file final35.txt (compact mmCIF, C-alpha atoms and all ligand atoms)
# COMPACT_ATOMS: atom_id res chain seq x y z
CA MET A 34 -148.45 -152.91 51.52
CA LEU A 35 -149.51 -149.32 52.17
CA GLN A 36 -148.33 -147.02 54.91
CA LEU A 37 -149.58 -143.54 55.72
CA ASP A 38 -147.37 -141.37 57.90
CA SER A 39 -148.99 -138.32 59.42
CA LEU A 40 -150.91 -137.54 56.24
CA SER A 41 -152.68 -134.16 56.18
CA LYS A 42 -154.83 -132.40 53.61
CA ASN A 43 -156.21 -128.87 53.83
CA PHE A 44 -158.81 -127.28 51.59
CA GLY A 45 -158.29 -123.52 51.62
CA GLY A 46 -156.85 -123.66 55.13
CA LEU A 47 -159.56 -125.97 56.47
CA PRO A 48 -158.23 -129.39 57.48
CA ALA A 49 -159.95 -132.37 55.82
CA LEU A 50 -157.25 -134.81 57.05
CA SER A 51 -155.07 -134.20 60.11
CA GLN A 52 -151.97 -136.34 60.64
CA VAL A 53 -153.55 -139.63 59.66
CA SER A 54 -151.24 -142.63 60.18
CA PHE A 55 -152.07 -146.30 59.64
CA THR A 56 -150.95 -149.28 57.59
CA VAL A 57 -152.88 -151.51 55.23
CA PRO A 58 -151.46 -155.02 55.60
CA GLU A 59 -150.90 -157.23 52.56
CA ALA A 60 -153.58 -159.74 51.56
CA LYS A 61 -156.05 -158.33 54.08
CA LEU A 62 -159.21 -156.30 53.80
CA THR A 63 -159.08 -153.04 55.72
CA ALA A 64 -162.32 -151.11 56.08
CA LEU A 65 -162.23 -147.33 56.39
CA ILE A 66 -165.31 -146.02 58.16
CA GLY A 67 -166.46 -142.74 59.66
CA PRO A 68 -169.38 -140.30 59.58
CA ASN A 69 -170.16 -138.18 56.48
CA GLY A 70 -167.47 -135.60 55.85
CA ALA A 71 -164.89 -137.51 57.94
CA GLY A 72 -162.36 -137.36 55.09
CA LYS A 73 -162.59 -140.92 53.73
CA SER A 74 -162.86 -140.00 50.03
CA THR A 75 -160.24 -137.29 50.46
CA LEU A 76 -157.88 -139.93 51.83
CA ILE A 77 -158.45 -142.20 48.80
CA HIS A 78 -157.90 -139.20 46.47
CA CYS A 79 -154.58 -138.42 48.20
CA ILE A 80 -153.35 -142.05 48.07
CA THR A 81 -154.16 -142.31 44.35
CA GLY A 82 -152.64 -138.93 43.43
CA VAL A 83 -156.00 -137.46 42.38
CA LEU A 84 -155.42 -134.77 45.02
CA PRO A 85 -152.01 -133.63 46.32
CA SER A 86 -151.63 -134.09 50.06
CA SER A 87 -150.61 -131.06 52.14
CA ASP A 88 -148.21 -132.83 54.49
CA GLY A 89 -147.00 -136.29 55.51
CA SER A 90 -145.91 -139.32 53.48
CA ILE A 91 -147.41 -142.29 51.68
CA PHE A 92 -145.45 -145.52 51.10
CA PHE A 93 -146.52 -148.37 48.82
CA LYS A 94 -144.50 -151.58 49.09
CA ASP A 95 -141.77 -149.59 50.88
CA GLN A 96 -141.50 -147.06 48.04
CA GLU A 97 -142.51 -143.48 48.75
CA ILE A 98 -145.32 -142.46 46.39
CA THR A 99 -146.15 -139.06 47.90
CA GLY A 100 -146.41 -136.49 45.11
CA LEU A 101 -146.49 -138.99 42.23
CA SER A 102 -149.14 -138.46 39.53
CA ALA A 103 -152.34 -140.52 39.41
CA HIS A 104 -151.00 -142.23 36.28
CA GLN A 105 -147.69 -143.18 37.89
CA ILE A 106 -149.49 -144.52 40.94
CA SER A 107 -151.87 -146.65 38.89
CA GLN A 108 -148.90 -148.08 36.97
CA LEU A 109 -147.38 -149.23 40.25
CA GLY A 110 -150.41 -151.49 40.80
CA ILE A 111 -152.95 -149.42 42.72
CA SER A 112 -156.46 -149.15 41.33
CA ARG A 113 -159.67 -147.66 42.63
CA THR A 114 -163.35 -146.98 42.22
CA PHE A 115 -165.00 -143.60 42.75
CA GLN A 116 -167.85 -142.82 45.14
CA ASN A 117 -169.51 -140.88 42.31
CA LEU A 118 -169.38 -143.04 39.20
CA ARG A 119 -166.79 -142.20 36.58
CA LEU A 120 -167.66 -144.32 33.56
CA PHE A 121 -167.50 -143.23 29.93
CA PRO A 122 -171.27 -143.02 29.28
CA ARG A 123 -171.23 -143.47 25.48
CA LEU A 124 -168.64 -146.23 25.48
CA ASP A 125 -169.88 -149.81 25.71
CA VAL A 126 -169.44 -151.74 28.93
CA LEU A 127 -166.59 -153.92 27.59
CA ASN A 128 -164.55 -150.92 26.49
CA ASN A 129 -165.17 -149.20 29.80
CA VAL A 130 -163.61 -152.22 31.51
CA LEU A 131 -160.77 -152.31 28.95
CA THR A 132 -159.75 -148.80 30.05
CA GLY A 133 -158.69 -150.52 33.29
CA LEU A 134 -156.06 -152.35 31.23
CA THR A 135 -154.56 -149.40 29.38
CA ASN A 136 -151.39 -149.74 31.45
CA GLN A 137 -150.89 -153.22 30.02
CA GLY A 138 -151.41 -152.42 26.36
CA GLY A 139 -147.74 -151.90 25.60
CA THR A 140 -148.50 -150.80 22.03
CA SER A 141 -147.68 -147.63 20.18
CA MET A 142 -150.17 -145.87 17.93
CA LEU A 143 -148.20 -146.95 14.83
CA MET A 144 -148.26 -150.59 15.89
CA ALA A 145 -151.97 -150.35 16.59
CA MET A 146 -152.59 -148.90 13.11
CA LEU A 147 -150.61 -151.68 11.45
CA ARG A 148 -152.77 -154.23 13.30
CA LEU A 149 -150.01 -156.80 13.36
CA PRO A 150 -151.11 -160.40 14.04
CA TYR A 151 -149.39 -160.26 17.43
CA LEU A 152 -151.48 -157.23 18.30
CA ARG A 153 -154.71 -158.83 17.22
CA HIS A 154 -153.84 -161.74 19.49
CA ARG A 155 -153.02 -159.35 22.32
CA GLU A 156 -156.27 -157.46 21.78
CA ARG A 157 -158.22 -160.71 22.03
CA GLN A 158 -156.42 -161.58 25.25
CA LEU A 159 -157.28 -158.23 26.79
CA LYS A 160 -160.92 -158.56 25.75
CA LEU A 161 -161.07 -162.02 27.30
CA LYS A 162 -159.72 -160.61 30.55
CA ALA A 163 -162.32 -157.84 30.49
CA LEU A 164 -165.13 -160.33 29.83
CA GLU A 165 -163.90 -162.51 32.66
CA ALA A 166 -164.03 -159.52 35.02
CA LEU A 167 -167.55 -158.68 33.81
CA ASP A 168 -168.68 -162.27 34.32
CA ARG A 169 -167.64 -162.11 37.96
CA PHE A 170 -170.23 -159.42 38.43
CA GLU A 171 -172.80 -161.14 36.18
CA LEU A 172 -172.50 -158.45 33.54
CA GLY A 173 -171.10 -160.49 30.65
CA GLU A 174 -174.37 -160.30 28.73
CA LYS A 175 -174.34 -156.52 28.85
CA ALA A 176 -170.79 -156.18 27.48
CA SER A 177 -171.95 -154.44 24.30
CA TRP A 178 -174.42 -152.06 25.98
CA PRO A 179 -173.51 -148.38 26.19
CA ALA A 180 -172.65 -147.74 29.85
CA GLU A 181 -175.19 -144.90 30.08
CA VAL A 182 -178.22 -147.20 29.68
CA LEU A 183 -177.30 -149.44 32.62
CA ALA A 184 -179.15 -149.34 35.93
CA TYR A 185 -177.24 -147.72 38.80
CA GLY A 186 -176.35 -151.03 40.45
CA ASP A 187 -174.89 -152.36 37.19
CA LYS A 188 -172.84 -149.18 36.70
CA LYS A 189 -171.34 -149.58 40.16
CA ARG A 190 -170.35 -153.14 39.29
CA VAL A 191 -168.85 -152.12 35.93
CA GLU A 192 -166.59 -149.77 37.92
CA LEU A 193 -165.61 -152.67 40.13
CA ALA A 194 -164.87 -154.87 37.11
CA ARG A 195 -162.70 -152.08 35.66
CA ALA A 196 -160.85 -151.72 38.98
CA ILE A 197 -160.03 -155.42 39.29
CA VAL A 198 -159.38 -156.32 35.65
CA GLY A 199 -155.69 -155.39 35.80
CA LYS A 200 -155.20 -157.54 38.92
CA PRO A 201 -153.91 -154.63 41.02
CA ASP A 202 -151.87 -155.31 44.15
CA LEU A 203 -153.89 -152.74 46.05
CA LEU A 204 -157.56 -152.03 45.46
CA LEU A 205 -159.16 -148.89 46.92
CA LEU A 206 -162.95 -148.99 46.87
CA ASP A 207 -164.99 -145.91 47.79
CA GLU A 208 -168.45 -147.11 48.85
CA PRO A 209 -168.84 -149.81 46.18
CA VAL A 210 -172.24 -151.03 47.44
CA ALA A 211 -173.86 -147.66 48.18
CA GLY A 212 -177.24 -147.63 46.42
CA LEU A 213 -177.23 -151.38 45.70
CA ASN A 214 -180.08 -153.59 46.91
CA SER A 215 -179.43 -156.26 49.54
CA GLN A 216 -179.05 -159.06 46.99
CA GLU A 217 -176.53 -157.05 44.92
CA THR A 218 -174.69 -156.04 48.10
CA ALA A 219 -174.35 -159.67 49.20
CA ALA A 220 -173.04 -160.67 45.74
CA VAL A 221 -170.44 -157.90 45.74
CA GLY A 222 -169.49 -158.85 49.33
CA GLU A 223 -168.82 -162.42 48.15
CA GLN A 224 -166.63 -161.14 45.31
CA LEU A 225 -164.64 -158.97 47.73
CA LYS A 226 -164.14 -161.96 50.02
CA MET A 227 -162.94 -164.01 47.07
CA LEU A 228 -160.50 -161.31 45.97
CA ARG A 229 -159.11 -161.21 49.47
CA ARG A 230 -158.78 -165.00 49.57
CA LYS A 231 -156.79 -164.78 46.34
CA GLY A 232 -154.32 -162.47 48.06
CA HIS A 233 -155.48 -159.03 46.94
CA THR A 234 -155.07 -156.20 49.41
CA ILE A 235 -158.18 -154.06 49.75
CA LEU A 236 -158.98 -150.75 51.42
CA LEU A 237 -162.77 -150.45 51.50
CA VAL A 238 -164.64 -147.27 52.38
CA GLU A 239 -168.07 -148.39 53.50
CA HIS A 240 -171.08 -147.27 55.51
CA ASP A 241 -172.77 -150.68 55.50
CA MET A 242 -171.64 -151.86 58.94
CA GLU A 243 -173.08 -155.32 58.48
CA LEU A 244 -170.84 -155.82 55.43
CA VAL A 245 -167.83 -154.31 57.22
CA MET A 246 -168.29 -156.57 60.24
CA ASP A 247 -168.62 -159.56 57.93
CA ILE A 248 -165.61 -159.08 55.67
CA ALA A 249 -163.04 -156.74 57.28
CA ASP A 250 -159.82 -157.98 58.92
CA GLN A 251 -159.02 -154.51 60.24
CA VAL A 252 -161.12 -151.38 60.65
CA VAL A 253 -159.79 -147.81 60.63
CA VAL A 254 -162.12 -145.07 61.87
CA LEU A 255 -161.87 -141.46 60.75
CA ASP A 256 -163.75 -138.61 62.37
CA SER A 257 -163.36 -134.97 61.31
CA GLY A 258 -160.15 -135.83 59.46
CA ARG A 259 -158.53 -137.62 62.39
CA CYS A 260 -157.90 -141.32 62.85
CA ILE A 261 -159.73 -142.10 66.11
CA ALA A 262 -159.51 -145.92 66.20
CA ILE A 263 -157.84 -148.91 64.55
CA GLY A 264 -158.60 -152.53 65.39
CA THR A 265 -160.56 -155.64 64.58
CA PRO A 266 -164.26 -155.13 63.74
CA GLU A 267 -165.18 -156.34 67.25
CA GLU A 268 -162.74 -153.98 68.97
CA VAL A 269 -163.86 -151.00 66.94
CA ARG A 270 -167.54 -151.71 67.45
CA LYS A 271 -167.08 -151.49 71.23
CA ASN A 272 -164.77 -148.46 71.18
CA PRO A 273 -166.45 -145.56 73.06
CA LEU A 274 -164.78 -142.94 70.84
CA VAL A 275 -166.31 -144.57 67.76
CA LEU A 276 -169.76 -144.83 69.29
CA GLU A 277 -169.54 -141.18 70.29
CA ALA A 278 -168.45 -140.09 66.80
CA TYR A 279 -171.43 -141.81 65.21
CA LEU A 280 -173.95 -140.90 67.92
CA GLY A 281 -172.72 -137.30 67.97
CA LYS A 282 -173.39 -136.98 64.25
CA MET A 283 -176.81 -138.59 64.59
CA GLU A 284 -177.79 -136.18 67.37
CA ALA A 285 -176.55 -133.21 65.34
CA THR A 286 -178.75 -134.16 62.39
CA ALA A 287 -181.80 -135.25 64.48
N1 LIG B 1 -162.61 -130.33 46.72
C1 LIG B 1 -162.93 -129.90 47.95
N2 LIG B 1 -162.85 -128.59 48.29
C2 LIG B 1 -163.13 -128.17 49.52
N3 LIG B 1 -163.53 -128.99 50.53
C3 LIG B 1 -163.64 -130.28 50.26
C4 LIG B 1 -163.35 -130.83 48.96
N4 LIG B 1 -163.54 -132.18 49.00
C5 LIG B 1 -163.94 -132.46 50.25
N5 LIG B 1 -164.00 -131.34 51.01
C6 LIG B 1 -164.36 -131.29 52.44
O1 LIG B 1 -163.49 -132.18 53.13
C7 LIG B 1 -164.20 -132.88 54.15
C8 LIG B 1 -164.07 -134.38 53.91
O2 LIG B 1 -164.81 -134.75 52.75
P1 LIG B 1 -164.83 -136.21 52.18
O3 LIG B 1 -165.59 -136.19 50.92
O4 LIG B 1 -163.45 -136.74 52.14
O5 LIG B 1 -165.65 -137.00 53.31
P2 LIG B 1 -166.17 -138.50 53.33
O6 LIG B 1 -165.70 -139.10 54.61
O7 LIG B 1 -165.81 -139.18 52.08
O8 LIG B 1 -167.76 -138.29 53.42
P3 LIG B 1 -168.97 -139.17 52.79
O9 LIG B 1 -169.17 -140.30 53.77
O10 LIG B 1 -170.12 -138.23 52.81
O11 LIG B 1 -168.57 -139.61 51.44
C9 LIG B 1 -165.63 -132.36 54.11
O12 LIG B 1 -165.75 -131.35 55.07
C10 LIG B 1 -165.77 -131.80 52.71
O13 LIG B 1 -166.71 -130.77 52.68
MG MG B 2 -166.85 -140.04 50.57
call {"tool": "encode", "arguments": {"input": "final35.txt", "output": "structure tokens", "more": "lines below"}}
Ligand SMILES: Nc1ncnc2c1ncn2[C@@H]1O[C@H](COP(=O)(O)OP(=O)(O)OP(=O)(O)O)[C@@H](O)[C@H]1O
Ligand SMILES: [Mg+2]
result
Amino acid sequence: MLQLDSLSKNFGGLPALSQVSFTVPEAKLTALIGPNGAGKSTLIHCITGVLPSSDGSIFFKDQEITGLSAHQISQLGISRTFQNLRLFPRLDVLNNVLTGLTNQGGTSMLMAMLRLPYLRHRERQLKLKALEALDRFELGEKASWPAEVLAYGDKKRVELARAIVGKPDLLLLDEPVAGLNSQETAAVGEQLKMLRRKGHTILLVEHDMELVMDIADQVVVLDSGRCIAIGTPEEVRKNPLVLEAYLGKMEATA
């Protein structure tokens, strides 16, 4: 589904990603883990065209997408959430989720102004889809609330609803449960499992190792911008390089 070939990203000459290569297989959940500053978010930004990569190539369904704009990449069927929330604070929850469907609107401004019956029907369909996505995360009742008044955990789940509403082929999630309580985390974990069962391909950046061990098919480990291990959760957990990367960071901050 997704293939990274020797992907590198420098910030002002400092490498944040160095020749990272791995594949994300279709209909599987791949977890991307690594200590703080390892380059996980940078990698998601490069895949989604939010940041240009410095070197290497990215392929999505055998098509090279390196250098395409964020808009072009989302139209191909890749959607994402951000580690730091990016909702429209004044917009209500339903409309925030509807922005995840803008690629499917297919209407011009003139057509929208004429409010043709077909369009009204289409609008209703899109709203139903958005409500369905909100219901999955038990947010249907808050559809008319301005996003800014929601609690943090709800905001995180509105972002998830927006990311899945367009039924993307590839879903990139940057720490979707960070800051959620254990009950909310378990509920989101169940939703991710269900999405995977339905055939969605997911790349999940996550620090919650319990969740990763529970739901990942494959784990990729980054450390200081390099890919240091790829394998099943069990294999990665026992990998000495991985243990060292995490222990090393813990000792440095102790
Ligand atoms: N816009 C930027 N300009 C300069 N340096 C950056 C920028 N974004 C990230 N970096 C640096 O790149 C490295 C990787 O950062 P990144 O945010 O990708 O790490 P991460 O693995 O997502 O960490 P965390 O687990 O804390 O979210 C860090 O050293 C960071 O300081
Ligand atoms: Mg990050």
call {"tool": "closest_atom_pairs", "arguments": {"input": "final35.txt", "of": "segment 222-246 of chain A", "to": "segment 62-74 of chain A", "cutoff": "9 Å", "atoms": "all atoms listed in the file", "output": "tab-separated table"}}
result
residue	atom	partner	partner_atom	distance
A:Leu225	CA	A:Leu62	CA	8.6
A:Lys226	CA	A:Leu62	CA	8.4
A:Arg229	CA	A:Leu62	CA	6.5
A:His233	CA	A:Leu62	CA	8.3
A:Thr234	CA	A:Leu62	CA	6.0
A:Ile235	CA	A:Leu62	CA	4.7
A:Leu236	CA	A:Thr63	CA	4.9
A:Leu237	CA	A:Ala64	CA	4.6
A:Val238	CA	A:Leu65	CA	4.7
A:Glu239	CA	A:Ile66	CA	5.9
A:His240	CA	A:Ile66	CA	6.5
A:Met242	CA	A:Ile66	CA	8.6
A:Val245	CA	A:Ala64	CA	6.5
call {"tool": "closest_residue", "arguments": {"input": "final35.txt", "among": "A:Leu134, A:Leu76, A:Val254, A:His154", "to": "Leu205 of chain A", "atoms": "only C-alpha atoms"}}
result
A:Leu76
call {"tool": "residues_around", "arguments": {"input": "final35.txt", "residues": "Leu193 of chain A", "least_positions_apart": "6", "cutoff": "9 Å", "atoms": "all atoms listed in the file", "output": "list of chain:residue names"}}
result
A:Arg113, A:Thr114, A:Val130, A:Ala166, A:Leu167, A:Phe170, A:Leu206, A:Pro209
call {"tool": "atom_distance", "arguments": {"input": "final35.txt", "atom1": "atom C2 of ligand LIG 1 (chain B)", "atom2": "atom CA of Leu101 of chain A"}}
result
21.1 Å
call {"tool": "closest_residue", "arguments": {"input": "final35.txt", "among": "A:Lys162, A:Arg259, A:Lys200, A:Arg153", "to": "ligand LIG 1 (chain B)", "atoms": "only C-alpha atoms and all ligand atoms"}}
result
A:Arg259
call {"tool": "axis_aligned_box", "arguments": {"input": "final35.txt", "around": "segment 233-251 of chain A", "padding_each_side": "3 Å", "output": "lines of an AutoDock Vina configuration file"}}
result
center_x = -164.1
center_y = -153.4
center_z = 53.6
size_x = 24.0
size_y = 18.3
size_z = 19.3
call {"tool": "residues_around", "arguments": {"input": "final35.txt", "residues": "Lys160 of chain A", "least_positions_apart": "4", "cutoff": "8 Å", "atoms": "only C-alpha atoms", "output": "list in words"}}
result
Leu127, Leu131, Glu156 and Leu164 of chain A
call {"tool": "closest_residue", "arguments": {"input": "final35.txt", "among": "A:Ser102, A:Ser87, A:Gln96, A:Thr75", "to": "Phe115 of chain A", "atoms": "only C-alpha atoms"}}
result
A:Thr75
call {"tool": "atom_distance", "arguments": {"input": "final35.txt", "atom1": "atom CA of Asp202 of chain A", "atom2": "atom CA of Thr132 of chain A"}}
result
17.4 Å
call {"tool": "atom_distance", "arguments": {"input": "final35.txt", "atom1": "atom C2 of ligand LIG 1 (chain B)", "atom2": "atom CA of His104 of chain A"}}
result
22.8 Å
call {"tool": "closest_residue", "arguments": {"input": "final35.txt", "among": "A:Val275, A:Leu118, A:Val126, A:Leu84", "to": "Asn43 of chain A", "atoms": "all atoms listed in the file"}}
result
A:Leu84
call {"tool": "residues_near_point", "arguments": {"input": "final35.txt", "point": "(-148.8, -141.5, 52.1)", "cutoff": "7 Å", "atoms": "all atoms listed in the file", "output": "list in words"}}
result
Gln36, Leu37, Asp38, Leu40, Ile80, Gly89, Ser90, Ile91, Phe92, Ile98 and Thr99 of chain A
call {"tool": "closest_residue", "arguments": {"input": "final35.txt", "among": "A:Asp168, A:Asp247, A:Glu181, A:Glu59", "to": "Lys94 of chain A", "atoms": "only C-alpha atoms"}}
result
A:Glu59
call {"tool": "closest_residue", "arguments": {"input": "final35.txt", "among": "A:Pro48, A:Gly186, A:Gly258, A:Pro85", "to": "ligand MG 2 (chain B)", "atoms": "only C-alpha atoms and all ligand atoms"}}
result
A:Gly258
call {"tool": "residues_around", "arguments": {"input": "final35.txt", "residues": "Ile197 of chain A", "least_positions_apart": "6", "cutoff": "8 Å", "atoms": "all atoms listed in the file", "output": "PyMOL selection string"}}
result
chain A and resi 112+133+166+204
call {"tool": "write_last_selection", "arguments": {"input": "final35.txt", "atoms": "C-alpha atoms", "output": "tab-separated table (two decimals), in the frame of the given file"}}
result
chain	number	residue	atom	x	y	z
A	112	SER	CA	-156.46	-149.15	41.33
A	133	GLY	CA	-158.69	-150.52	33.29
A	166	ALA	CA	-164.03	-159.52	35.02
A	204	LEU	CA	-157.56	-152.03	45.46
call {"tool": "residues_near_point", "arguments": {"input": "final35.txt", "point": "(-151.9, -151.9, 42.2)", "cutoff": "6 Å", "atoms": "all atoms listed in the file", "output": "list in words"}}
result
Leu109, Gly110, Ile111, Ser112, Pro201, Asp202 and Leu203 of chain A
call {"tool": "residues_around", "arguments": {"input": "final35.txt", "residues": "Glu267 of chain A", "least_positions_apart": "2", "cutoff": "12 Å", "atoms": "all atoms listed in the file", "output": "list in words"}}
result
Met242, Glu243, Val245, Met246, Asp247, Ile248, Ala249, Asp250, Gln251, Val252, Ala262, Ile263, Gly264, Thr265, Val269, Arg270, Lys271, Asn272 and Val275 of chain A
call {"tool": "residues_around", "arguments": {"input": "final35.txt", "residues": "Tyr185 of chain A", "least_positions_apart": "4", "cutoff": "12 Å", "atoms": "all atoms listed in the file", "output": "ChimeraX atom specification"}}
result
/A:117-118,120,180-181,189-192,209-214,217
call {"tool": "build_atoms", "arguments": {"input": "final35.txt", "residues": "segment 263-281 of chain A", "atoms": "N, CA and C atoms", "output": "JSON list (two decimals), keeping the file's coordinate frame"}}
result
[["chain", "number", "residue", "atom", "x", "y", "z"],
["A", 263, "ILE", "N", -158.27, -147.86, 65.48],
["A", 263, "ILE", "CA", -157.84, -148.91, 64.55],
["A", 263, "ILE", "C", -157.94, -150.23, 65.31],
["A", 264, "GLY", "N", -158.53, -151.23, 64.70],
["A", 264, "GLY", "CA", -158.60, -152.53, 65.39],
["A", 264, "GLY", "C", -159.41, -153.52, 64.60],
["A", 265, "THR", "N", -159.70, -154.65, 65.23],
["A", 265, "THR", "CA", -160.56, -155.64, 64.58],
["A", 265, "THR", "C", -161.98, -155.08, 64.58],
["A", 266, "PRO", "N", -162.87, -155.63, 63.74],
["A", 266, "PRO", "CA", -164.26, -155.13, 63.74],
["A", 266, "PRO", "C", -164.87, -155.16, 65.14],
["A", 267, "GLU", "N", -164.62, -156.22, 65.90],
["A", 267, "GLU", "CA", -165.18, -156.34, 67.25],
["A", 267, "GLU", "C", -164.66, -155.23, 68.16],
["A", 268, "GLU", "N", -163.35, -155.01, 68.10],
["A", 268, "GLU", "CA", -162.74, -153.98, 68.97],
["A", 268, "GLU", "C", -163.31, -152.60, 68.65],
["A", 269, "VAL", "N", -163.42, -152.33, 67.36],
["A", 269, "VAL", "CA", -163.86, -151.00, 66.94],
["A", 269, "VAL", "C", -165.33, -150.78, 67.30],
["A", 270, "ARG", "N", -166.11, -151.84, 67.17],
["A", 270, "ARG", "CA", -167.54, -151.71, 67.45],
["A", 270, "ARG", "C", -167.80, -151.30, 68.91],
["A", 271, "LYS", "N", -166.88, -151.77, 69.80],
["A", 271, "LYS", "CA", -167.08, -151.49, 71.23],
["A", 271, "LYS", "C", -166.37, -150.22, 71.69],
["A", 272, "ASN", "N", -165.60, -149.61, 70.78],
["A", 272, "ASN", "CA", -164.77, -148.46, 71.18],
["A", 272, "ASN", "C", -165.65, -147.23, 71.47],
["A", 273, "PRO", "N", -165.58, -146.70, 72.70],
["A", 273, "PRO", "CA", -166.45, -145.56, 73.06],
["A", 273, "PRO", "C", -166.27, -144.34, 72.17],
["A", 274, "LEU", "N", -165.02, -144.11, 71.71],
["A", 274, "LEU", "CA", -164.78, -142.94, 70.84],
["A", 274, "LEU", "C", -165.55, -143.08, 69.52],
["A", 275, "VAL", "N", -165.63, -144.32, 69.03],
["A", 275, "VAL", "CA", -166.31, -144.57, 67.76],
["A", 275, "VAL", "C", -167.82, -144.39, 67.94],
["A", 276, "LEU", "N", -168.32, -144.96, 69.03],
["A", 276, "LEU", "CA", -169.76, -144.83, 69.29],
["A", 276, "LEU", "C", -170.13, -143.37, 69.41],
["A", 277, "GLU", "N", -169.28, -142.61, 70.10],
["A", 277, "GLU", "CA", -169.54, -141.18, 70.29],
["A", 277, "GLU", "C", -169.53, -140.44, 68.95],
["A", 278, "ALA", "N", -168.55, -140.78, 68.10],
["A", 278, "ALA", "CA", -168.45, -140.09, 66.80],
["A", 278, "ALA", "C", -169.73, -140.29, 66.00],
["A", 279, "TYR", "N", -170.22, -141.53, 65.98],
["A", 279, "TYR", "CA", -171.43, -141.81, 65.21],
["A", 279, "TYR", "C", -172.67, -141.24, 65.88],
["A", 280, "LEU", "N", -172.77, -141.41, 67.21],
["A", 280, "LEU", "CA", -173.95, -140.90, 67.92],
["A", 280, "LEU", "C", -174.00, -139.39, 67.85],
["A", 281, "GLY", "N", -172.82, -138.77, 68.02],
["A", 281, "GLY", "CA", -172.72, -137.30, 67.97],
["A", 281, "GLY", "C", -173.29, -136.78, 66.67]]
